[in-house]
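Q: Supplied in structure tokens, the structure appears directly below.
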Amino acid sequence: MTLSSLQKSFRLKASHYIWLALFVFVLFLPGRATLPPLDRDEARYMQATSQMIESQNYIDVRFQDKPRYLQPAGIYWLEAIAVKAAKATGMVKDKSVSPYRIPSLLAAVGSVLLTVWIGSILFDSYIGLLAGLFLAVSVLLTGEGRMATIDTTLLFFVLLAQSCLARAWMARLTTEKLSVSVGIIYWGAIGCGLMLKGPVMLIPTLLPPIILAWVKKDRAWWKHLHPKWGWILMLVIVIPWCAAIWVISDGKFFTDAVGTNLLSKVASGKESHGAPPGLYLGIFLITFWPGSLFTAWALPYIWRERKSESVCFLLCWIIPHWIVFELVKTKLPHYVLPTYPAIAILTSMALWNISKTWDGPTSRWGRWLLHIYTVLWVAVGLLLSVGGIIYAHYMTGTWFWSAMIGAIAALSLIGYAVVCILKYNMQRASLVSIGAAIVIYLELFVILIPGLSSEWLSGKIAETVRLLKPCENSIVASASYSEPSLVFLVGKETKLINSEKTAQFLKDNQACGLGLVDRRDEKKFMESIEKENLTVKEIGRIHGLNYSNGKQLSLGLFKVAQ
């Protein structure tokens with residue numbers, strides 16, 4: 001079967017989408033309550049949202065006493081709604097992380113459904129369904145979809161806009177007249193995306209139609225999206241908050257968000273995240289695993305079909321976005337996440353069309369490259385299967401035998417997938433590898449992470465402070481551990497300072513103040529204490545791993561001796 005002769009013999013019904021949504025929801029649910037705030041940005045989002053709820057200030061976003069002028073307030077609003085709704089049920093504790101992650105959970109489910117829908121618009125429901133599964137089990141979405149950050153929610157609105165673009169693009173081949181609702185959804189989605197991440201939203205939503213118009217020399221289809229008035233709807237969503245923050249910050253939000261944050265990322269590697277072009281291509285094997293191998297396999301067929309309407313649409317979605325972020329100096333894996341649904345659809349299209357007829361690359365070097373990539377792909381699967389078990393043993397000294405059973409099952413599926421690959425039955429191999437990924441994620445998020453929950457350093461510090469603090473309103477000054485998650489779990493007044501300032505803080509807060517100092521910094525801390533003519537005593541000690549730098553810490557909790 002070729003692309004041109006593909007018969008659209010099957011369409012997913014509403015009931016199918018409901019069952020798929022339930023499956024993805026259950027897949028992404030484990031780990032949301034047990035996974036601590038690992039990413040520094042996630043902890044900052046959580047704390048800023050917590051302060052927003054506490055202060056009832058929904059315009060001026062702040063982390064502790066500093067304005068957080070990096071992006072608009074949209075994600076904080078969504079998280080605040082989720083937290084308020086969860087607390088209204090009375091089923092969550094204070095400082096529970098799970099409510100903050102609800103927007104990402106729902107957005108992950110919605111993104112998979114929209115990927116299926118777009119694949120169905122451009123090709124066939126079978127292709128859309130396989131593409132949705134590829135996206136759902138990809139390493140990058142699995143991680144991002146469990147964190148209270150912007151990127152999964154941004155992906156949802158990107159896909160909402162792209163579904164409208166896909167409908168308009170395919171309508172140009174028929175006499176179909178699209179409903180005005182398609183234009184409303186398109187511009188509304190862009191407006192919502194702008195409220196999440198500012199101008200970044202325009203790259204995956206406005207750049208593709210511009211490139212398509214240039215490649216196909218056809219702009220007439222654009223009228224289906226009602227651009228004459230659609231941009232007004234987009235501005236109606238964005239302008240009220242922009243005007244309010246302009247007044248409150250005296251314009252500082254825009255100089256910081258656009259001038260300092262956005263443009264500095266383009267020109268330099270911000271926060272040690274700089275990398276040369278090619279990084280995203282290099283890490284694609286991992287971030288899109290297990291689908292990455294099948295994408296590599298599908299490239300020749302995709303290139304052969306590049307002039308077809310649907311493939312051209314997807315390539316004009318992927319390539320400009322990818323090039324932009326490869327050229328940007330600051331690089332984080334999630335920057336190219338909006339291209340992954342399109343990659344998943346193209347991969348699925350190739351698998352569905354030629355899996356049973358293709359016998360691999362014709363050239364010797366092509367076969368060798370595919371074999372090398374397959375070996376690397378297996379190595380990633382091996383690392384994902386057993387890496388968590390080894391790390392858990394390193395942290396706790398315990399072997400998680402139930403997780404080992406999961407690892408054996410996952411490795412068996414990976415092995416069977418390799419057998420299918422060697423026989424060039426790539427369609428079956430893809431389904432088996434998706435099953436292996438599901439087993440791996442269940443192993444990680446159902447068994448290993450809950451087993452490690454007592455080892456996370458910020459949580460251990462928060463519990464120790466709760467039990468040993470001398471006053472109800474005691475404030476902690478941390479000289480050696482400066483993770484934002486500490487602020488979220490211990491309190492917004494927590495001080496992230498150095499040893500000298502911690503000594504000064506204890507002098508000024510002798511009755512209730514607490515100092516948190518690692519063993520390696522104690523000498524400097526004690527020297528500063530002597531200069532302040534103080535005597536301190538250790539009331540507790542916390543051992544653990546600082547996940548951000550991999551260092552083992554032994555933190556003493558000190559107070560002034562009375």
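By order in the structure tokens, chains are A, B, ...; within a chain, residues start at 1; ligands start at 1, following the order shown.
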Hey, what's within 9 Å of A:Ser98 if we count only C-alpha atoms and toss same-chain stuff fewer than 2 positions away? As a PyMOL selection string, please?

A: chain A and resi 31-35+83+92+96+100-102+148

Q: Distance atom CA of A:Gly132-atom CA of A:Val116, one decimal place?

A: 5.1 Å

Q: If we count only C-alpha atoms, what is near A:Glu463 at a cut-off of 12 Å, once residues fewer than 2 positions away on the same chain are taken out, given as an mmCIF file with all heavy atoms, in the first residue's frame?

A:
```
data_model
loop_
_atom_site.group_PDB
_atom_site.id
_atom_site.type_symbol
_atom_site.label_atom_id
_atom_site.label_comp_id
_atom_site.auth_asym_id
_atom_site.auth_seq_id
_atom_site.Cartn_x
_atom_site.Cartn_y
_atom_site.Cartn_z
ATOM 1 N N LYS A 95 1.228 21.848 51.115
ATOM 2 C CA LYS A 95 2.519 21.625 50.456
ATOM 3 C C LYS A 95 2.568 20.302 49.699
ATOM 4 O O LYS A 95 3.659 19.824 49.346
ATOM 5 C CB LYS A 95 3.679 21.688 51.455
ATOM 6 C CG LYS A 95 3.855 23.048 52.102
ATOM 7 C CD LYS A 95 4.137 24.128 51.065
ATOM 8 C CE LYS A 95 4.365 25.476 51.708
ATOM 9 N NZ LYS A 95 4.626 26.544 50.712
ATOM 10 N N SER A 454 11.335 8.678 50.816
ATOM 11 C CA SER A 454 11.881 9.082 52.122
ATOM 12 C C SER A 454 13.320 9.559 52.028
ATOM 13 O O SER A 454 13.880 10.041 53.014
ATOM 14 C CB SER A 454 11.809 7.901 53.097
ATOM 15 O OG SER A 454 12.586 6.817 52.616
ATOM 16 N N GLU A 455 13.941 9.426 50.843
ATOM 17 C CA GLU A 455 15.349 9.779 50.696
ATOM 18 C C GLU A 455 15.556 11.174 50.108
ATOM 19 O O GLU A 455 16.686 11.653 50.077
ATOM 20 C CB GLU A 455 16.050 8.744 49.793
ATOM 21 C CG GLU A 455 16.048 7.336 50.346
ATOM 22 C CD GLU A 455 16.784 7.239 51.675
ATOM 23 O OE1 GLU A 455 17.850 7.859 51.817
ATOM 24 O OE2 GLU A 455 16.276 6.541 52.572
ATOM 25 N N TRP A 456 14.501 11.821 49.640
ATOM 26 C CA TRP A 456 14.679 13.114 48.991
ATOM 27 C C TRP A 456 15.049 14.170 50.029
ATOM 28 O O TRP A 456 14.392 14.335 51.049
ATOM 29 C CB TRP A 456 13.416 13.517 48.241
ATOM 30 C CG TRP A 456 13.022 12.511 47.208
ATOM 31 C CD1 TRP A 456 11.900 11.757 47.200
ATOM 32 C CD2 TRP A 456 13.764 12.133 46.047
ATOM 33 N NE1 TRP A 456 11.877 10.926 46.106
ATOM 34 C CE2 TRP A 456 13.016 11.136 45.376
ATOM 35 C CE3 TRP A 456 14.989 12.536 45.494
ATOM 36 C CZ2 TRP A 456 13.444 10.548 44.184
ATOM 37 C CZ3 TRP A 456 15.410 11.940 44.307
ATOM 38 C CH2 TRP A 456 14.646 10.967 43.672
ATOM 39 N N LEU A 457 16.112 14.913 49.739
ATOM 40 C CA LEU A 457 16.741 15.777 50.736
ATOM 41 C C LEU A 457 15.820 16.896 51.209
ATOM 42 O O LEU A 457 15.693 17.146 52.412
ATOM 43 C CB LEU A 457 18.043 16.354 50.161
ATOM 44 C CG LEU A 457 19.035 16.945 51.151
ATOM 45 C CD1 LEU A 457 19.325 15.985 52.291
ATOM 46 C CD2 LEU A 457 20.331 17.323 50.438
ATOM 47 N N SER A 458 15.158 17.598 50.287
ATOM 48 C CA SER A 458 14.312 18.721 50.703
ATOM 49 C C SER A 458 13.185 18.258 51.619
ATOM 50 O O SER A 458 12.859 18.919 52.612
ATOM 51 C CB SER A 458 13.732 19.435 49.472
ATOM 52 O OG SER A 458 14.743 20.099 48.743
ATOM 53 N N GLY A 459 12.595 17.111 51.289
ATOM 54 C CA GLY A 459 11.532 16.582 52.140
ATOM 55 C C GLY A 459 12.033 16.206 53.520
ATOM 56 O O GLY A 459 11.356 16.441 54.529
ATOM 57 N N LYS A 460 13.223 15.609 53.591
ATOM 58 C CA LYS A 460 13.803 15.234 54.881
ATOM 59 C C LYS A 460 14.114 16.473 55.727
ATOM 60 O O LYS A 460 13.897 16.490 56.942
ATOM 61 C CB LYS A 460 15.072 14.416 54.660
ATOM 62 C CG LYS A 460 14.809 13.052 54.041
ATOM 63 C CD LYS A 460 16.085 12.379 53.583
ATOM 64 C CE LYS A 460 16.871 11.818 54.746
ATOM 65 N NZ LYS A 460 18.020 11.000 54.278
ATOM 66 N N ILE A 461 14.607 17.517 55.057
ATOM 67 C CA ILE A 461 14.888 18.765 55.782
ATOM 68 C C ILE A 461 13.596 19.355 56.325
ATOM 69 O O ILE A 461 13.527 19.779 57.494
ATOM 70 C CB ILE A 461 15.595 19.779 54.853
ATOM 71 C CG1 ILE A 461 16.977 19.270 54.456
ATOM 72 C CG2 ILE A 461 15.712 21.138 55.540
ATOM 73 C CD1 ILE A 461 17.621 20.072 53.348
ATOM 74 N N VAL A 465 12.856 20.036 60.254
ATOM 75 C CA VAL A 465 12.561 21.390 60.742
ATOM 76 C C VAL A 465 11.218 21.414 61.453
ATOM 77 O O VAL A 465 11.067 22.028 62.524
ATOM 78 C CB VAL A 465 12.595 22.400 59.583
ATOM 79 C CG1 VAL A 465 12.043 23.755 60.030
ATOM 80 C CG2 VAL A 465 14.010 22.557 59.045
ATOM 81 N N ARG A 466 10.245 20.726 60.891
ATOM 82 C CA ARG A 466 8.908 20.696 61.511
ATOM 83 C C ARG A 466 8.965 20.106 62.913
ATOM 84 O O ARG A 466 8.293 20.586 63.835
ATOM 85 C CB ARG A 466 7.957 19.884 60.631
ATOM 86 C CG ARG A 466 6.510 19.889 61.121
ATOM 87 C CD ARG A 466 5.638 18.984 60.278
ATOM 88 N NE ARG A 466 5.965 17.581 60.489
ATOM 89 C CZ ARG A 466 5.521 16.853 61.508
ATOM 90 N NH1 ARG A 466 4.741 17.400 62.433
ATOM 91 N NH2 ARG A 466 5.857 15.581 61.617
ATOM 92 N N LEU A 467 9.781 19.066 63.100
ATOM 93 C CA LEU A 467 9.852 18.393 64.396
ATOM 94 C C LEU A 467 10.706 19.145 65.417
ATOM 95 O O LEU A 467 10.426 19.091 66.620
ATOM 96 C CB LEU A 467 10.414 16.977 64.205
ATOM 97 C CG LEU A 467 9.540 15.995 63.422
ATOM 98 C CD1 LEU A 467 10.283 14.686 63.187
ATOM 99 C CD2 LEU A 467 8.225 15.727 64.148
ATOM 100 N N LEU A 468 11.746 19.849 64.953
ATOM 101 C CA LEU A 468 12.738 20.404 65.882
ATOM 102 C C LEU A 468 12.725 21.926 65.985
ATOM 103 O O LEU A 468 13.455 22.471 66.815
ATOM 104 C CB LEU A 468 14.145 19.945 65.464
ATOM 105 C CG LEU A 468 14.388 18.430 65.416
ATOM 106 C CD1 LEU A 468 15.806 18.148 64.939
ATOM 107 C CD2 LEU A 468 14.141 17.795 66.776
ATOM 108 N N LYS A 469 11.928 22.621 65.213
ATOM 109 C CA LYS A 469 11.981 24.084 65.235
ATOM 110 C C LYS A 469 11.576 24.607 66.619
ATOM 111 O O LYS A 469 10.601 24.120 67.218
ATOM 112 C CB LYS A 469 11.096 24.682 64.146
ATOM 113 C CG LYS A 469 9.619 24.352 64.255
ATOM 114 C CD LYS A 469 8.865 24.920 63.046
ATOM 115 C CE LYS A 469 7.370 24.594 63.122
ATOM 116 N NZ LYS A 469 6.644 25.126 61.950
ATOM 117 N N LEU A 486 13.401 23.653 48.608
ATOM 118 C CA LEU A 486 13.491 23.890 50.049
ATOM 119 C C LEU A 486 12.580 25.037 50.462
ATOM 120 O O LEU A 486 11.926 24.983 51.500
ATOM 121 C CB LEU A 486 14.946 24.186 50.444
ATOM 122 C CG LEU A 486 15.231 24.325 51.939
ATOM 123 C CD1 LEU A 486 14.976 23.014 52.662
ATOM 124 C CD2 LEU A 486 16.669 24.787 52.169
ATOM 125 N N LEU A 489 8.909 23.747 50.395
ATOM 126 C CA LEU A 489 8.526 22.817 51.450
ATOM 127 C C LEU A 489 8.688 23.379 52.854
ATOM 128 O O LEU A 489 7.947 23.005 53.765
ATOM 129 C CB LEU A 489 9.345 21.521 51.321
ATOM 130 C CG LEU A 489 9.065 20.687 50.059
ATOM 131 C CD1 LEU A 489 10.039 19.529 49.961
ATOM 132 C CD2 LEU A 489 7.635 20.183 50.047
ATOM 133 N N VAL A 490 9.651 24.284 53.062
ATOM 134 C CA VAL A 490 9.907 24.809 54.405
ATOM 135 C C VAL A 490 9.213 26.153 54.627
ATOM 136 O O VAL A 490 8.773 26.448 55.739
ATOM 137 C CB VAL A 490 11.429 24.930 54.652
ATOM 138 C CG1 VAL A 490 11.719 25.563 56.006
ATOM 139 C CG2 VAL A 490 12.079 23.549 54.574
ATOM 140 N N GLY A 540 20.074 18.705 64.948
ATOM 141 C CA GLY A 540 19.669 17.653 64.024
ATOM 142 C C GLY A 540 20.647 17.559 62.868
ATOM 143 O O GLY A 540 21.400 18.496 62.607
ATOM 144 N N ARG A 541 20.639 16.404 62.195
ATOM 145 C CA ARG A 541 21.514 16.235 61.032
ATOM 146 C C ARG A 541 20.768 15.435 59.968
ATOM 147 O O ARG A 541 20.098 14.434 60.274
ATOM 148 C CB ARG A 541 22.823 15.547 61.410
ATOM 149 C CG ARG A 541 23.801 15.413 60.233
ATOM 150 C CD ARG A 541 25.222 15.255 60.709
ATOM 151 N NE ARG A 541 25.734 16.482 61.337
ATOM 152 C CZ ARG A 541 26.287 17.485 60.661
ATOM 153 N NH1 ARG A 541 26.381 17.442 59.337
ATOM 154 N NH2 ARG A 541 26.738 18.543 61.308
ATOM 155 N N ILE A 542 20.884 15.906 58.739
ATOM 156 C CA ILE A 542 20.180 15.295 57.614
ATOM 157 C C ILE A 542 21.202 14.876 56.564
ATOM 158 O O ILE A 542 22.029 15.692 56.136
ATOM 159 C CB ILE A 542 19.165 16.261 56.981
ATOM 160 C CG1 ILE A 542 18.236 16.836 58.056
ATOM 161 C CG2 ILE A 542 18.364 15.579 55.901
ATOM 162 C CD1 ILE A 542 18.540 18.246 58.464
#
```

Q: Can you pull out the residues contacting A:Arg219? Cut-off 10 Å, using only C-alpha atoms, and skip same-chain residues under 3 positions away; I want them as a PyMOL selection string.

A: chain A and resi 172+209-210+212-214+216+222-223

Q: Could those selected residues go to a file with N, CA, C and O atoms, as an mmCIF file, in the first residue's frame?

A:
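The resulting part_12.cif:
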```cif
data_model
loop_
_atom_site.group_PDB
_atom_site.id
_atom_site.type_symbol
_atom_site.label_atom_id
_atom_site.label_comp_id
_atom_site.auth_asym_id
_atom_site.auth_seq_id
_atom_site.Cartn_x
_atom_site.Cartn_y
_atom_site.Cartn_z
ATOM 1 N N ARG A 172 -8.228 22.695 1.571
ATOM 2 C CA ARG A 172 -7.896 23.302 0.282
ATOM 3 C C ARG A 172 -7.958 22.291 -0.857
ATOM 4 O O ARG A 172 -8.031 22.669 -2.041
ATOM 5 N N PRO A 209 2.538 28.027 8.673
ATOM 6 C CA PRO A 209 1.746 28.489 7.520
ATOM 7 C C PRO A 209 2.526 29.426 6.600
ATOM 8 O O PRO A 209 2.287 29.436 5.382
ATOM 9 N N ILE A 210 3.443 30.204 7.158
ATOM 10 C CA ILE A 210 4.273 31.075 6.316
ATOM 11 C C ILE A 210 5.165 30.228 5.400
ATOM 12 O O ILE A 210 5.270 30.492 4.187
ATOM 13 N N LEU A 212 4.653 27.077 4.545
ATOM 14 C CA LEU A 212 3.787 26.353 3.613
ATOM 15 C C LEU A 212 3.384 27.235 2.431
ATOM 16 O O LEU A 212 3.390 26.787 1.272
ATOM 17 N N ALA A 213 3.030 28.478 2.717
ATOM 18 C CA ALA A 213 2.655 29.399 1.640
ATOM 19 C C ALA A 213 3.812 29.620 0.680
ATOM 20 O O ALA A 213 3.619 29.737 -0.541
ATOM 21 N N TRP A 214 5.022 29.660 1.215
ATOM 22 C CA TRP A 214 6.211 29.868 0.381
ATOM 23 C C TRP A 214 6.535 28.621 -0.447
ATOM 24 O O TRP A 214 6.832 28.698 -1.635
ATOM 25 N N LYS A 216 4.479 25.983 -1.270
ATOM 26 C CA LYS A 216 3.414 25.572 -2.187
ATOM 27 C C LYS A 216 2.873 26.710 -3.049
ATOM 28 O O LYS A 216 2.025 26.485 -3.905
ATOM 29 N N TRP A 222 -5.455 29.981 3.725
ATOM 30 C CA TRP A 222 -5.335 30.737 4.967
ATOM 31 C C TRP A 222 -6.656 31.390 5.370
ATOM 32 O O TRP A 222 -6.905 31.638 6.550
ATOM 33 N N LYS A 223 -7.518 31.641 4.362
ATOM 34 C CA LYS A 223 -8.791 32.320 4.646
ATOM 35 C C LYS A 223 -9.703 31.472 5.522
ATOM 36 O O LYS A 223 -10.591 32.006 6.202
#
```

Q: Quick check, in Å to one decimal: how far apart do atom CA of A:Gln562 and atom CA of A:Lys537 lie?

A: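 Spanning atom CA of A:Gln562 to atom CA of A:Lys537 is a straight-line distance of 9.4 Å.
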
Q: Please tabulate, as a tab-separated table, the residues of stretch 75-114 of chain A that come within 12 Å of stretch 174-198 of chain A, each with its closest pair of atoms and the distance in Å to one decimal, counting only C-alpha atoms and ordering rows by chain, then residue number upward.

A:
```
residue	atom	partner	partner_atom	distance
A:Ile75	CA	A:Leu196	CA	5.7
A:Tyr76	CA	A:Leu196	CA	8.8
A:Trp77	CA	A:Leu196	CA	9.7
A:Leu78	CA	A:Leu196	CA	9.8
A:Glu79	CA	A:Leu196	CA	11.8
```

Q: Just asking: which residues within stretch 285-518 of chain A are strand (DSSP E or B) according to DSSP, as a ChimeraX atom specification?

A: /A:330,476-478,495-496,514-518

Q: Between stretch 176-216 of chain A and stretch 316-332 of chain A, at 7 Å or less, what are the per-residue closest atom pairs and their distances in Å? Count only C-alpha atoms, order by chain and rising residue number, and return it as a Markdown table.

A:
```
| residue | atom | partner | partner_atom | distance |
| --- | --- | --- | --- | --- |
| A:Ile203 | CA | A:His321 | CA | 6.4 |
| A:Pro204 | CA | A:His321 | CA | 6.2 |
| A:Pro208 | CA | A:Trp317 | CA | 5.0 |
| A:Ile211 | CA | A:Cys316 | CA | 6.2 |
| A:Leu212 | CA | A:Cys316 | CA | 6.2 |
```

Q: Could you please determine the separation between atom CA of A:Pro99 and atom CA of A:Pro333 in Å, to one decimal place?

A: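 These atoms are spaced 24.5 Å apart.
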
Q: Which residues are close to A:Asn533, i.e. within 12 Å by only C-alpha atoms, leaving aside same-chain residues fewer than 2 positions away? Reply as an NGL selection string.

A: :A and (503-504 or 506-507 or 526-531 or 535-536 or 560-561)

Q: Kindly export the residues of the current selection with N, CA and C atoms, as a compact mmCIF listing (two decimals), in the first residue's frame.

A:
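This is the output file part-v4.txt:
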```txt
# COMPACT_ATOMS: atom_id res chain seq x y z
N ALA A 503 25.46 33.04 59.77
CA ALA A 503 25.88 33.40 61.13
C ALA A 503 25.26 34.72 61.56
N GLN A 504 25.24 35.69 60.65
CA GLN A 504 24.63 36.98 60.95
C GLN A 504 23.14 36.83 61.20
N LEU A 506 21.58 34.18 62.40
CA LEU A 506 21.37 33.58 63.72
C LEU A 506 21.60 34.60 64.84
N LYS A 507 22.54 35.51 64.63
CA LYS A 507 22.76 36.56 65.63
C LYS A 507 21.52 37.45 65.76
N MET A 526 31.58 28.12 61.51
CA MET A 526 31.97 28.28 62.90
C MET A 526 32.89 29.48 63.10
N GLU A 527 33.74 29.74 62.13
CA GLU A 527 34.59 30.93 62.21
C GLU A 527 33.74 32.20 62.22
N SER A 528 32.71 32.22 61.40
CA SER A 528 31.80 33.37 61.37
C SER A 528 31.01 33.48 62.66
N ILE A 529 30.63 32.34 63.23
CA ILE A 529 29.91 32.34 64.51
C ILE A 529 30.78 32.93 65.62
N GLU A 530 32.06 32.57 65.64
CA GLU A 530 32.97 33.10 66.65
C GLU A 530 33.13 34.60 66.52
N LYS A 531 33.18 35.08 65.28
CA LYS A 531 33.29 36.52 65.06
C LYS A 531 32.07 37.26 65.59
N THR A 535 27.44 31.20 70.43
CA THR A 535 27.63 29.77 70.60
C THR A 535 26.41 29.07 70.03
N VAL A 536 26.65 28.10 69.16
CA VAL A 536 25.53 27.38 68.56
C VAL A 536 25.61 25.91 68.92
N VAL A 560 21.09 28.89 68.03
CA VAL A 560 21.91 29.56 69.04
C VAL A 560 21.66 28.91 70.39
N ALA A 561 22.74 28.58 71.08
CA ALA A 561 22.62 28.00 72.43
C ALA A 561 22.23 29.09 73.42
```

Q: Measuring between only C-alpha atoms, which one of A:Leu351, A:Ala436, A:Ala429, A:Ala392 shows the shortest distance to A:Leu411?

A: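 Closest to A:Leu411, using only C-alpha atoms: A:Ala436.
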
Q: With a distance cut-off of 12 Å and only C-alpha atoms, select the neighbouring residues of A:Arg11, excluding the residue or stretch itself and same-chain residues fewer than 2 positions from it, and output the selection as a list in words.

A: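 The residues that qualify are Gln7, Lys8, Ser9, Lys13, Ala14, Ser15, His16, Tyr17, Val116, Trp117, Gly119, Ser120, Ile121, Phe123, Asp124, Ser125, Tyr126, Ile127, Gly128 and Leu129 of chain A.
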
Q: Any chance you can output those residues with N, CA and C atoms as a short mmCIF file (atom, residue, chain, number, x, y, z; two decimals), in the first residue's frame?

A:
```cif
data_model
loop_
_atom_site.label_atom_id
_atom_site.label_comp_id
_atom_site.auth_asym_id
_atom_site.auth_seq_id
_atom_site.Cartn_x
_atom_site.Cartn_y
_atom_site.Cartn_z
N GLN A 7 -6.49 3.90 2.15
CA GLN A 7 -7.93 4.01 2.30
C GLN A 7 -8.30 4.38 3.73
N LYS A 8 -9.09 5.40 3.87
CA LYS A 8 -9.53 5.81 5.20
C LYS A 8 -10.75 4.99 5.60
N SER A 9 -10.47 3.71 5.91
CA SER A 9 -11.55 2.76 6.15
C SER A 9 -12.00 2.73 7.60
N LYS A 13 -14.19 6.71 16.96
CA LYS A 13 -15.41 7.31 17.47
C LYS A 13 -15.12 8.03 18.78
N ALA A 14 -16.10 8.78 19.25
CA ALA A 14 -15.94 9.50 20.51
C ALA A 14 -15.62 8.54 21.66
N SER A 15 -16.23 7.37 21.63
CA SER A 15 -15.98 6.39 22.69
C SER A 15 -14.53 5.92 22.68
N HIS A 16 -13.95 5.82 21.47
CA HIS A 16 -12.54 5.42 21.38
C HIS A 16 -11.64 6.47 22.02
N TYR A 17 -11.95 7.74 21.76
CA TYR A 17 -11.15 8.81 22.36
C TYR A 17 -11.29 8.83 23.88
N VAL A 116 -3.48 12.18 17.92
CA VAL A 116 -4.29 11.18 17.22
C VAL A 116 -5.23 11.86 16.23
N TRP A 117 -5.84 12.95 16.66
CA TRP A 117 -6.81 13.67 15.82
C TRP A 117 -6.12 14.26 14.58
N GLY A 119 -3.29 13.25 13.22
CA GLY A 119 -2.91 12.13 12.36
C GLY A 119 -4.10 11.62 11.56
N SER A 120 -5.29 11.63 12.16
CA SER A 120 -6.50 11.19 11.46
C SER A 120 -6.90 12.17 10.37
N ILE A 121 -6.71 13.46 10.63
CA ILE A 121 -7.02 14.48 9.63
C ILE A 121 -6.11 14.35 8.41
N PHE A 123 -3.97 11.71 7.62
CA PHE A 123 -3.80 10.38 7.03
C PHE A 123 -4.99 9.49 7.36
N ASP A 124 -4.88 8.78 8.46
CA ASP A 124 -5.86 7.77 8.82
C ASP A 124 -5.86 7.58 10.32
N SER A 125 -6.94 7.08 10.86
CA SER A 125 -7.05 6.92 12.31
C SER A 125 -6.04 5.92 12.85
N TYR A 126 -5.72 4.87 12.07
CA TYR A 126 -4.70 3.94 12.52
C TYR A 126 -3.36 4.65 12.71
N ILE A 127 -3.01 5.49 11.75
CA ILE A 127 -1.76 6.24 11.81
C ILE A 127 -1.79 7.21 13.00
N GLY A 128 -2.91 7.90 13.17
CA GLY A 128 -3.04 8.82 14.29
C GLY A 128 -2.91 8.12 15.62
N LEU A 129 -3.51 6.95 15.75
CA LEU A 129 -3.48 6.20 17.01
C LEU A 129 -2.06 5.76 17.35
#
```

Q: Between A:Ile150, A:Glu305, A:Glu144, A:Ile245, which is the closest to A:Asn57 once you count only C-alpha atoms?

A: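 Looking at the shortest contact to A:Asn57, the residue is A:Ile245.
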
Q: Apply DSSP to the backbone of this structure and, from stretch 489-520 of chain A, keep only the residues in alpha helix (DSSP H); write these as a list in words.

A: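 The alpha helix (DSSP H) residues within stretch 489-520 of chain A come out as Leu489, Val490, Ser499, Glu500, Lys501, Thr502, Ala503, Gln504, Phe505, Leu506, Lys507 and Asp508 of chain A.
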
Q: Output the selection as a short mmCIF file (atom, residue, chain, number, x, y, z; two decimals), in the first residue's frame - N, CA, C and O atoms for each residue.

A:
```cif
data_model
loop_
_atom_site.label_atom_id
_atom_site.label_comp_id
_atom_site.auth_asym_id
_atom_site.auth_seq_id
_atom_site.Cartn_x
_atom_site.Cartn_y
_atom_site.Cartn_z
N LEU A 489 8.91 23.75 50.40
CA LEU A 489 8.53 22.82 51.45
C LEU A 489 8.69 23.38 52.85
O LEU A 489 7.95 23.01 53.77
N VAL A 490 9.65 24.28 53.06
CA VAL A 490 9.91 24.81 54.40
C VAL A 490 9.21 26.15 54.63
O VAL A 490 8.77 26.45 55.74
N SER A 499 27.61 31.06 54.31
CA SER A 499 27.93 30.76 55.72
C SER A 499 27.99 32.01 56.57
O SER A 499 27.47 32.05 57.70
N GLU A 500 28.65 33.06 56.05
CA GLU A 500 28.78 34.30 56.82
C GLU A 500 27.43 34.93 57.11
O GLU A 500 27.14 35.36 58.24
N LYS A 501 26.58 34.97 56.09
CA LYS A 501 25.26 35.58 56.28
C LYS A 501 24.37 34.72 57.17
O LYS A 501 23.48 35.24 57.86
N THR A 502 24.58 33.40 57.14
CA THR A 502 23.83 32.52 58.04
C THR A 502 24.18 32.82 59.49
O THR A 502 23.29 32.87 60.37
N ALA A 503 25.46 33.04 59.77
CA ALA A 503 25.88 33.40 61.13
C ALA A 503 25.26 34.72 61.56
O ALA A 503 24.79 34.87 62.71
N GLN A 504 25.24 35.69 60.65
CA GLN A 504 24.63 36.98 60.95
C GLN A 504 23.14 36.83 61.20
O GLN A 504 22.56 37.46 62.10
N PHE A 505 22.49 35.97 60.41
CA PHE A 505 21.06 35.72 60.59
C PHE A 505 20.78 35.14 61.97
O PHE A 505 19.82 35.55 62.65
N LEU A 506 21.58 34.18 62.40
CA LEU A 506 21.37 33.58 63.72
C LEU A 506 21.60 34.60 64.84
O LEU A 506 20.92 34.56 65.87
N LYS A 507 22.54 35.51 64.63
CA LYS A 507 22.76 36.56 65.63
C LYS A 507 21.52 37.45 65.76
O LYS A 507 21.15 37.86 66.87
N ASP A 508 20.89 37.74 64.62
CA ASP A 508 19.71 38.61 64.62
C ASP A 508 18.43 37.88 65.03
O ASP A 508 17.42 38.52 65.32
#
```
